[in-house]
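Report on the structure given below.
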Amino acid sequence: MSDVDQELCDAAFYGREGALKGMLKAGRSADATSSYGMPAIQYAVEGGHLGTMRILLAAGADTEKRDPNGDTALTLAAAQGKVKLIPELLAHGASPSGKGYQRLTAAEWAKKEGHQAVLELLSNPPPAQTTQAAAAAAAEKAAAQKAAAERAAAQKAAAEQAAAKTKKAKTKVAAQKAAADESSGG
């Protein structure tokens with residue numbers, strides 16, 4: 001589950017690496033979406049910021065998360081000709097065969113928009129980067145997802161504990177009120 005976090009998405013879009021790292025360290029989701037439903041990683045792509053995109057990927061952002069149009073970070077990067085972002089997305093498991101808006105793959109978008117360098121990169125990705133980096137990226141992503149799940153479990157436990165304390169306090173107040181009513185009425 002991801003939550004709406006416009007501030008985090010804006011940090012990704014504007015290249016605010018320090019702010020983004022701080023938000024993620026505080027437990028905010030790398031898979032957060034904007035109020036428009038666009039994932040934070042797509043904001044990094046839209047802004048052309050390799051740094052914020054890498055931060056989100058390292059924190060476990062899902063490269064296949066789609067916006068309301070059906071696009072992924074890779075289809076968006078290809079459509080916009082963001083050549084420098086493509087290798088990093090591929091290394092983190094982005095699927096070149098996934099179809100986005102208008103049911104087009106990343107390569108089809110690159111061809112349609114005339115981004116020849118992107119088309120060539122998608123056709124011939126750098127082999128060392130797509131094998132070694134993909135394995136490292138998958139391990140990083142798994143660790144980040146595990147840490148996020150542990151944070152979520154701890155937050156849930158804390159919320160349940162707070163709810164139990166609140167219920168106990170309400171029960172105590174009700175018992176005191178009943179006792180007071182009984183003594184004043186009897």
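Chain labels follow the order of the structure tokens: the first chain is A, the next B, and so on; residue numbering restarts at 1 in every chain, and ligands are counted from 1 in their shown order.
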
Considering only C-alpha atoms, tabulate each residue of stretch 68-91 of chain A that lies at most 9 Å from stretch 115-124 of chain A along with its nearest interatomic pair and the corresponding distance in Å to one decimal; arrange the rows by chain and ascending residue number and present them as a tab-separated table.
```
residue	atom	partner	partner_atom	distance
A:Ala77	CA	A:Val118	CA	8.8
A:Ala78	CA	A:Val118	CA	6.2
A:Ala79	CA	A:His115	CA	7.7
A:Gln80	CA	A:His115	CA	8.0
A:Gly81	CA	A:His115	CA	5.5
A:Lys82	CA	A:Val118	CA	7.5
A:Val83	CA	A:Val118	CA	5.4
A:Lys84	CA	A:Val118	CA	9.0
A:Ile86	CA	A:Val118	CA	7.6
A:Pro87	CA	A:Leu121	CA	7.9
A:Leu90	CA	A:Leu122	CA	8.8
```

Excluding A:Thr75 and any residue of its chain fewer than 6 positions from it, enumerate the residues within 10 Å of it, using only C-alpha atoms, and give them as a count of residues only.
-> 20

**Request:** Step one, run DSSP on the backbone; step two, keep only residues of chain A assigned to helix (DSSP H, G or I); then write them as an MDAnalysis selection string.
**Result:** chainID A and resid 6:14 17:25 40:47 50:58 73:80 83:91 101:103 106:113 116:123 127:185

Considering only C-alpha atoms, give me a table of residues in stretch 39-134 of chain A that are at most 12 Å from stretch 147-160 of chain A, with the closest atom pair and distance in Å for each, as CSV.
```
residue,atom,partner,partner_atom,distance
A:Ala58,CA,A:Ala147,CA,11.9
A:Ala59,CA,A:Ala148,CA,8.7
A:Gly60,CA,A:Ala148,CA,8.6
A:Ala61,CA,A:Ala148,CA,10.8
```

Include N, CA, C and O atoms and write out the residues we just selected as a JSON list (two decimals), in the first residue's frame.
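Listed below is the output, selection38.json:
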```json
[["chain", "number", "residue", "atom", "x", "y", "z"],
["A", 58, "ALA", "N", 16.85, 2.88, -4.27],
["A", 58, "ALA", "CA", 17.57, 2.25, -3.15],
["A", 58, "ALA", "C", 16.64, 2.01, -1.96],
["A", 58, "ALA", "O", 16.84, 1.09, -1.18],
["A", 59, "ALA", "N", 15.60, 2.84, -1.85],
["A", 59, "ALA", "CA", 14.64, 2.69, -0.76],
["A", 59, "ALA", "C", 13.52, 1.71, -1.11],
["A", 59, "ALA", "O", 12.58, 1.54, -0.34],
["A", 60, "GLY", "N", 13.63, 1.08, -2.30],
["A", 60, "GLY", "CA", 12.67, 0.04, -2.65],
["A", 60, "GLY", "C", 11.53, 0.47, -3.54],
["A", 60, "GLY", "O", 10.53, -0.25, -3.65],
["A", 61, "ALA", "N", 11.64, 1.63, -4.19],
["A", 61, "ALA", "CA", 10.55, 2.06, -5.07],
["A", 61, "ALA", "C", 10.31, 1.02, -6.16],
["A", 61, "ALA", "O", 11.24, 0.43, -6.70]]
```

Could you give me, as a tab-separated table, every stretch 28-109 of chain A residue with an atom at most 6 Å from stretch 10-21 of chain A, plus its closest atom pair and distance in Å to one decimal, counting only C-alpha atoms, rows ordered by chain then number?
```
residue	atom	partner	partner_atom	distance
A:Tyr43	CA	A:Phe13	CA	4.6
A:Ala44	CA	A:Phe13	CA	4.6
A:Gly47	CA	A:Phe13	CA	4.7
A:His49	CA	A:Gly15	CA	5.6
A:Thr52	CA	A:Ala12	CA	5.3
```

Could you write out that same residue set with C-alpha atoms as a PDB file, in the first residue's frame?
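Result saved to again_33.pdb:
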```pdb
ATOM      1  CA  TYR A  43       8.301  12.591 -10.450  1.00  0.00           C
ATOM      2  CA  ALA A  44      12.066  11.991 -10.345  1.00  0.00           C
ATOM      3  CA  GLY A  47      12.224  16.217 -13.330  1.00  0.00           C
ATOM      4  CA  HIS A  49      16.873  13.829 -11.574  1.00  0.00           C
ATOM      5  CA  THR A  52      16.506  11.423  -6.488  1.00  0.00           C
TER       6      THR A  52
END
```

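Atom pair atom CA of A:Ala178 / atom CA of A:Thr166 has a distance of 18.2 Å (rounded to one decimal).
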
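Of the listed residues (A:Ala32, A:Ala179, A:Leu89, A:Ile55), A:Leu89 comes nearest to A:Pro125; the distances count only C-alpha atoms.
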
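Interatomic distance, atom CA of A:Val45 against atom CA of A:Ala73: 6.6 Å.
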
Q. What is the distance between atom CA of A:Ala91 and atom CA of A:Ala144, in Å to one decimal?
A.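 For atom CA of A:Ala91 relative to atom CA of A:Ala144, the distance reads 16.2 Å.
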
Which residues, written as number ranges by chain, have at least one atom at most 12 Å from A:Gly37, with only C-alpha atoms counted and residues fewer than 4 positions away on the same chain left out? A: 2-6, 9, 31-33, 41-43, 65-71

Selection to disk with all heavy atoms, as a compact mmCIF listing (two decimals), in the first residue's frame:
```txt
# COMPACT_ATOMS: atom_id res chain seq x y z
N SER A 2 0.51 2.20 -0.79
CA SER A 2 1.26 3.44 -0.75
C SER A 2 0.31 4.56 -0.39
O SER A 2 -0.89 4.48 -0.58
CB SER A 2 1.93 3.71 -2.09
OG SER A 2 0.95 4.01 -3.06
N ASP A 3 0.87 5.60 0.15
CA ASP A 3 0.04 6.70 0.57
C ASP A 3 0.32 7.92 -0.28
O ASP A 3 1.32 8.00 -0.98
CB ASP A 3 0.27 6.98 2.04
CG ASP A 3 1.75 7.08 2.39
OD1 ASP A 3 2.59 6.56 1.65
OD2 ASP A 3 2.06 7.69 3.41
N VAL A 4 -0.59 8.87 -0.21
CA VAL A 4 -0.41 10.12 -0.93
C VAL A 4 0.57 10.97 -0.14
O VAL A 4 0.39 11.17 1.06
CB VAL A 4 -1.76 10.85 -1.12
CG1 VAL A 4 -1.54 12.23 -1.73
CG2 VAL A 4 -2.70 10.03 -1.99
N ASP A 5 1.62 11.42 -0.80
CA ASP A 5 2.64 12.22 -0.14
C ASP A 5 3.19 13.20 -1.17
O ASP A 5 4.22 12.96 -1.80
CB ASP A 5 3.75 11.33 0.42
CG ASP A 5 4.69 12.08 1.35
OD1 ASP A 5 4.78 13.32 1.24
OD2 ASP A 5 5.35 11.41 2.16
N GLN A 6 2.48 14.30 -1.36
CA GLN A 6 2.86 15.28 -2.36
C GLN A 6 4.22 15.89 -2.05
O GLN A 6 5.01 16.15 -2.96
CB GLN A 6 1.79 16.37 -2.48
CG GLN A 6 1.99 17.29 -3.66
CD GLN A 6 1.83 16.58 -4.99
OE1 GLN A 6 0.85 15.88 -5.22
NE2 GLN A 6 2.79 16.74 -5.88
N CYS A 9 6.89 13.59 -3.29
CA CYS A 9 6.91 13.63 -4.76
C CYS A 9 7.55 14.91 -5.27
O CYS A 9 8.33 14.88 -6.23
CB CYS A 9 5.48 13.47 -5.30
SG CYS A 9 4.78 11.82 -5.04
N ASP A 31 7.27 4.40 -2.38
CA ASP A 31 6.22 4.16 -3.37
C ASP A 31 5.04 5.12 -3.21
O ASP A 31 3.96 4.88 -3.75
CB ASP A 31 5.72 2.71 -3.29
CG ASP A 31 6.62 1.76 -4.05
OD1 ASP A 31 7.22 2.18 -5.05
OD2 ASP A 31 6.73 0.60 -3.63
N ALA A 32 5.24 6.21 -2.49
CA ALA A 32 4.17 7.19 -2.32
C ALA A 32 3.76 7.75 -3.67
O ALA A 32 4.54 7.76 -4.63
CB ALA A 32 4.64 8.33 -1.41
N THR A 33 2.53 8.20 -3.73
CA THR A 33 2.02 8.83 -4.95
C THR A 33 1.62 10.26 -4.64
O THR A 33 1.41 10.63 -3.49
CB THR A 33 0.80 8.07 -5.51
OG1 THR A 33 -0.22 8.06 -4.51
CG2 THR A 33 1.15 6.65 -5.90
N ILE A 41 8.61 7.96 -8.01
CA ILE A 41 9.70 7.67 -8.95
C ILE A 41 9.45 8.34 -10.30
O ILE A 41 10.38 8.78 -10.97
CB ILE A 41 9.96 6.15 -9.09
CG1 ILE A 41 11.28 5.92 -9.83
CG2 ILE A 41 8.80 5.45 -9.76
CD1 ILE A 41 11.84 4.54 -9.68
N GLN A 42 8.19 8.45 -10.69
CA GLN A 42 7.89 9.12 -11.95
C GLN A 42 8.12 10.63 -11.84
O GLN A 42 8.45 11.28 -12.82
CB GLN A 42 6.46 8.81 -12.39
CG GLN A 42 6.32 7.39 -12.89
CD GLN A 42 4.96 7.14 -13.51
OE1 GLN A 42 4.19 8.05 -13.79
NE2 GLN A 42 4.66 5.88 -13.74
N TYR A 43 7.97 11.18 -10.64
CA TYR A 43 8.30 12.59 -10.45
C TYR A 43 9.80 12.81 -10.64
O TYR A 43 10.22 13.81 -11.23
CB TYR A 43 7.85 13.08 -9.07
CG TYR A 43 6.42 13.55 -9.09
CD1 TYR A 43 5.38 12.64 -8.93
CD2 TYR A 43 6.10 14.89 -9.28
CE1 TYR A 43 4.06 13.06 -8.97
CE2 TYR A 43 4.79 15.32 -9.32
CZ TYR A 43 3.76 14.40 -9.16
OH TYR A 43 2.47 14.82 -9.21
N LYS A 65 5.40 0.32 -10.86
CA LYS A 65 4.20 1.01 -10.35
C LYS A 65 3.69 1.96 -11.43
O LYS A 65 4.46 2.70 -12.03
CB LYS A 65 4.53 1.76 -9.07
CG LYS A 65 3.30 2.34 -8.44
CD LYS A 65 3.55 2.74 -7.03
CE LYS A 65 2.24 3.27 -6.48
NZ LYS A 65 2.17 3.16 -5.06
N ARG A 66 2.40 1.92 -11.67
CA ARG A 66 1.82 2.68 -12.77
C ARG A 66 1.07 3.92 -12.28
O ARG A 66 0.50 3.92 -11.20
CB ARG A 66 0.86 1.79 -13.56
CG ARG A 66 1.61 0.66 -14.23
CD ARG A 66 0.70 -0.31 -14.98
NE ARG A 66 1.49 -1.40 -15.52
CZ ARG A 66 2.19 -1.34 -16.65
NH1 ARG A 66 2.17 -0.24 -17.36
NH2 ARG A 66 2.88 -2.37 -17.07
N ASP A 67 1.07 4.94 -13.13
CA ASP A 67 0.29 6.13 -12.85
C ASP A 67 -1.13 5.93 -13.40
O ASP A 67 -1.41 4.88 -14.00
CB ASP A 67 0.98 7.37 -13.45
CG ASP A 67 1.06 7.38 -14.96
OD1 ASP A 67 0.31 6.63 -15.64
OD2 ASP A 67 1.88 8.14 -15.50
N PRO A 68 -2.03 6.88 -13.23
CA PRO A 68 -3.39 6.70 -13.72
C PRO A 68 -3.51 6.46 -15.23
O PRO A 68 -4.50 5.89 -15.70
CB PRO A 68 -4.10 7.99 -13.32
CG PRO A 68 -3.36 8.45 -12.10
CD PRO A 68 -1.92 8.08 -12.39
N ASN A 69 -2.49 6.87 -16.00
CA ASN A 69 -2.50 6.63 -17.45
C ASN A 69 -1.99 5.24 -17.80
O ASN A 69 -2.02 4.84 -18.96
CB ASN A 69 -1.64 7.67 -18.18
CG ASN A 69 -2.24 9.04 -18.13
OD1 ASN A 69 -3.46 9.20 -18.13
ND2 ASN A 69 -1.40 10.06 -18.05
N GLY A 70 -1.43 4.54 -16.82
CA GLY A 70 -0.89 3.20 -17.07
C GLY A 70 0.60 3.18 -17.34
O GLY A 70 1.17 2.14 -17.61
N ASP A 71 1.25 4.35 -17.26
CA ASP A 71 2.69 4.41 -17.52
C ASP A 71 3.50 3.97 -16.31
O ASP A 71 3.08 4.14 -15.17
CB ASP A 71 3.11 5.83 -17.91
CG ASP A 71 2.88 6.11 -19.37
OD1 ASP A 71 3.26 5.26 -20.21
OD2 ASP A 71 2.35 7.18 -19.70
```

_Top pick for closest residue to A:Ser35, considering A:Leu8, A:Glu88, A:Glu140, A:Lys146 and counting only C-alpha atoms_ =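 Smallest distance to A:Ser35 is found for A:Leu8.
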